[in-house]
Amino acid sequence: VQLVESGGGLAQPGGSLRLSCEASRSDFVLYTMGWYRQTPGNQREMVATVSRTGTTNYADSGKGRFTISRDGAKSMVYLQMTKLKSEDTAVYYCYARHEIYDTTYWGEGTLVTVSS
């Protein structure tokens with residue numbers, strides 16, 4: 001699976017950004033999709049995931065501010081981020097995990113910078 005992220009960039013504190021990820025496979029619907037993020041010197045951490053049935057899971061840091069969604073027809077997954085904080089600054093990675101075979105895939109990442 002190839003995952004291509006887009007939508008990163010610079011946002012002001014309190015602002016919004018929407019990240020998009022396009023998956024290359026037609027069996028996209030068999031994958032749990034998600035977003036992780038990483039800052040220098042730290043481990044990659046889960047931001048949000050959405051299962052093939054639409055069940056969502058959020059890290060505490062993004063609850064109430066971030067919304068993950070998927071569009072099966074377009075093989076896309078989105079992360080709508082609102083009320084951004086400086087601590088949201090990170091490289092955001094799209095993630096896919098096959099729910100039967102448990103194989104995982106990562107995109108190359110997109111940088112989000114929250115700064116005034």
# chains A, B, ... in the order shown; residues from 1 in each chain; ligands from 1

call {"tool": "residues_around", "arguments": {"residues": "range 75-92 of chain A", "least_positions_apart": "5", "cutoff": "9 Å", "atoms": "only C-alpha atoms", "output": "number ranges by chain"}}
result
A: 5, 8, 11-29, 33-40, 47-48, 50, 61-62, 64-70, 107-116

call {"tool": "select_by_dssp", "arguments": {"residues": "chain A", "states": "strand (DSSP E or B)", "output": "number ranges by chain"}}
result
A: 3-6, 9-11, 17-23, 31-38, 45-50, 56-58, 66-71, 76-81, 90-98, 104-106, 110-114

call {"tool": "closest_residue", "arguments": {"among": "A:Tyr95, A:Gly41, A:Ala73, A:Leu30", "to": "Thr53 in chain A", "atoms": "only C-alpha atoms"}}
result
A:Leu30

call {"tool": "closest_residue", "arguments": {"among": "A:Ala59, A:Thr32, A:Thr49, A:Val4", "to": "Glu99 in chain A", "atoms": "only C-alpha atoms"}}
result
A:Thr32

call {"tool": "atom_distance", "arguments": {"atom1": "CA of Thr55 in chain A", "atom2": "CA of Tyr31 in chain A"}}
result
12.0 Å

call {"tool": "closest_residue", "arguments": {"among": "A:Arg44, A:Lys63, A:Arg52, A:Lys74", "to": "Tyr93 in chain A", "atoms": "only C-alpha atoms"}}
result
A:Arg44

call {"tool": "atom_distance", "arguments": {"atom1": "CA of Gly9 in chain A", "atom2": "CA of His98 in chain A"}}
result
28.9 Å

call {"tool": "atom_distance", "arguments": {"atom1": "CA of Trp106 in chain A", "atom2": "CA of Gly7 in chain A"}}
result
16.3 Å

call {"tool": "select_by_dssp", "arguments": {"residues": "chain A", "states": "helix (DSSP H, G or I)", "output": "ChimeraX atom specification"}}
result
/A:28-30,60-62,86-88

call {"tool": "write_last_selection", "arguments": {"atoms": "N, CA and C atoms", "output": "PDB file, in the first residue's frame"}}
result
ATOM      1  N   PHE A  28      -8.733  -0.933   0.201  1.00  0.00           N
ATOM      2  CA  PHE A  28      -8.635   0.064   1.278  1.00  0.00           C
ATOM      3  C   PHE A  28      -9.611  -0.218   2.405  1.00  0.00           C
ATOM      4  N   VAL A  29     -10.772  -0.735   2.068  1.00  0.00           N
ATOM      5  CA  VAL A  29     -11.810  -0.932   3.069  1.00  0.00           C
ATOM      6  C   VAL A  29     -11.444  -1.999   4.087  1.00  0.00           C
ATOM      7  N   LEU A  30     -10.403  -2.787   3.837  1.00  0.00           N
ATOM      8  CA  LEU A  30      -9.990  -3.828   4.774  1.00  0.00           C
ATOM      9  C   LEU A  30      -8.978  -3.338   5.804  1.00  0.00           C
ATOM     10  N   ASP A  60      -5.588  11.282  23.899  1.00  0.00           N
ATOM     11  CA  ASP A  60      -6.172  12.313  24.760  1.00  0.00           C
ATOM     12  C   ASP A  60      -5.821  13.717  24.279  1.00  0.00           C
ATOM     13  N   SER A  61      -4.638  13.852  23.699  1.00  0.00           N
ATOM     14  CA  SER A  61      -4.168  15.173  23.274  1.00  0.00           C
ATOM     15  C   SER A  61      -5.051  15.787  22.192  1.00  0.00           C
ATOM     16  N   GLY A  62      -5.743  14.934  21.424  1.00  0.00           N
ATOM     17  CA  GLY A  62      -6.545  15.458  20.325  1.00  0.00           C
ATOM     18  C   GLY A  62      -8.049  15.378  20.526  1.00  0.00           C
ATOM     19  N   SER A  86       0.790  24.911  19.878  1.00  0.00           N
ATOM     20  CA  SER A  86       2.192  24.795  19.467  1.00  0.00           C
ATOM     21  C   SER A  86       2.707  23.371  19.650  1.00  0.00           C
ATOM     22  N   GLU A  87       2.176  22.697  20.660  1.00  0.00           N
ATOM     23  CA  GLU A  87       2.631  21.319  20.905  1.00  0.00           C
ATOM     24  C   GLU A  87       2.104  20.317  19.882  1.00  0.00           C
ATOM     25  N   ASP A  88       1.247  20.754  18.973  1.00  0.00           N
ATOM     26  CA  ASP A  88       0.819  19.896  17.877  1.00  0.00           C
ATOM     27  C   ASP A  88       1.842  19.890  16.739  1.00  0.00           C
TER      28      ASP A  88
END

call {"tool": "decode", "arguments": {"residues": "range 54-89 of chain A", "atoms": "N, CA and C atoms", "output": "short mmCIF file (atom, residue, chain, number, x, y, z; two decimals), in the first residue's frame"}}
result
data_model
loop_
_atom_site.label_atom_id
_atom_site.label_comp_id
_atom_site.auth_asym_id
_atom_site.auth_seq_id
_atom_site.Cartn_x
_atom_site.Cartn_y
_atom_site.Cartn_z
N GLY A 54 -15.61 2.04 10.88
CA GLY A 54 -15.86 3.42 11.28
C GLY A 54 -15.64 3.73 12.74
N THR A 55 -15.19 2.75 13.50
CA THR A 55 -14.89 3.01 14.91
C THR A 55 -13.64 3.88 15.02
N THR A 56 -13.75 4.95 15.76
CA THR A 56 -12.63 5.88 15.89
C THR A 56 -12.00 5.80 17.27
N ASN A 57 -10.75 6.17 17.32
CA ASN A 57 -10.00 6.18 18.57
C ASN A 57 -9.07 7.38 18.53
N TYR A 58 -9.02 8.14 19.61
CA TYR A 58 -8.21 9.35 19.65
C TYR A 58 -7.27 9.33 20.85
N ALA A 59 -6.10 9.88 20.65
CA ALA A 59 -5.24 10.16 21.79
C ALA A 59 -5.87 11.28 22.61
N ASP A 60 -5.59 11.28 23.90
CA ASP A 60 -6.17 12.31 24.76
C ASP A 60 -5.82 13.72 24.28
N SER A 61 -4.64 13.85 23.70
CA SER A 61 -4.17 15.17 23.27
C SER A 61 -5.05 15.79 22.19
N GLY A 62 -5.74 14.93 21.42
CA GLY A 62 -6.55 15.46 20.32
C GLY A 62 -8.05 15.38 20.53
N LYS A 63 -8.49 14.78 21.59
CA LYS A 63 -9.93 14.63 21.83
C LYS A 63 -10.59 16.00 21.92
N GLY A 64 -11.68 16.12 21.19
CA GLY A 64 -12.41 17.39 21.17
C GLY A 64 -11.86 18.41 20.20
N ARG A 65 -10.69 18.12 19.64
CA ARG A 65 -10.07 19.07 18.69
C ARG A 65 -9.86 18.45 17.31
N PHE A 66 -9.57 17.16 17.27
CA PHE A 66 -9.26 16.48 16.01
C PHE A 66 -10.39 15.53 15.64
N THR A 67 -10.62 15.40 14.34
CA THR A 67 -11.62 14.47 13.85
C THR A 67 -11.03 13.68 12.69
N ILE A 68 -11.07 12.37 12.81
CA ILE A 68 -10.60 11.51 11.73
C ILE A 68 -11.81 10.98 10.97
N SER A 69 -11.65 10.87 9.66
CA SER A 69 -12.73 10.33 8.83
C SER A 69 -12.11 9.62 7.63
N ARG A 70 -12.93 8.78 6.99
CA ARG A 70 -12.45 8.07 5.82
C ARG A 70 -13.53 8.07 4.75
N ASP A 71 -13.07 8.01 3.52
CA ASP A 71 -13.96 7.96 2.37
C ASP A 71 -13.55 6.74 1.56
N GLY A 72 -14.34 5.68 1.69
CA GLY A 72 -13.99 4.43 1.02
C GLY A 72 -14.00 4.54 -0.49
N ALA A 73 -14.89 5.33 -1.01
CA ALA A 73 -15.01 5.46 -2.47
C ALA A 73 -13.76 6.10 -3.06
N LYS A 74 -13.12 6.96 -2.29
CA LYS A 74 -11.93 7.66 -2.78
C LYS A 74 -10.63 7.10 -2.20
N SER A 75 -10.75 6.11 -1.31
CA SER A 75 -9.57 5.55 -0.63
C SER A 75 -8.79 6.65 0.09
N MET A 76 -9.52 7.49 0.79
CA MET A 76 -8.91 8.63 1.46
C MET A 76 -9.21 8.57 2.95
N VAL A 77 -8.28 9.09 3.73
CA VAL A 77 -8.51 9.30 5.15
C VAL A 77 -8.08 10.72 5.47
N TYR A 78 -8.82 11.35 6.35
CA TYR A 78 -8.60 12.75 6.66
C TYR A 78 -8.41 12.94 8.16
N LEU A 79 -7.69 13.99 8.50
CA LEU A 79 -7.59 14.40 9.89
C LEU A 79 -7.86 15.90 9.93
N GLN A 80 -9.02 16.25 10.45
CA GLN A 80 -9.36 17.65 10.64
C GLN A 80 -8.86 18.08 12.01
N MET A 81 -7.98 19.06 12.03
CA MET A 81 -7.40 19.53 13.28
C MET A 81 -7.85 20.96 13.53
N THR A 82 -8.41 21.19 14.69
CA THR A 82 -8.86 22.53 15.07
C THR A 82 -8.21 22.91 16.40
N LYS A 83 -8.35 24.18 16.74
CA LYS A 83 -7.81 24.70 18.00
C LYS A 83 -6.36 24.26 18.17
N LEU A 84 -5.59 24.43 17.14
CA LEU A 84 -4.23 23.94 17.14
C LEU A 84 -3.39 24.64 18.21
N LYS A 85 -2.45 23.87 18.75
CA LYS A 85 -1.54 24.36 19.79
C LYS A 85 -0.11 24.18 19.28
N SER A 86 0.79 24.91 19.88
CA SER A 86 2.19 24.80 19.47
C SER A 86 2.71 23.37 19.65
N GLU A 87 2.18 22.70 20.66
CA GLU A 87 2.63 21.32 20.90
C GLU A 87 2.10 20.32 19.88
N ASP A 88 1.25 20.75 18.97
CA ASP A 88 0.82 19.90 17.88
C ASP A 88 1.84 19.89 16.74
N THR A 89 2.84 20.74 16.83
CA THR A 89 3.88 20.78 15.82
C THR A 89 4.60 19.44 15.77
#
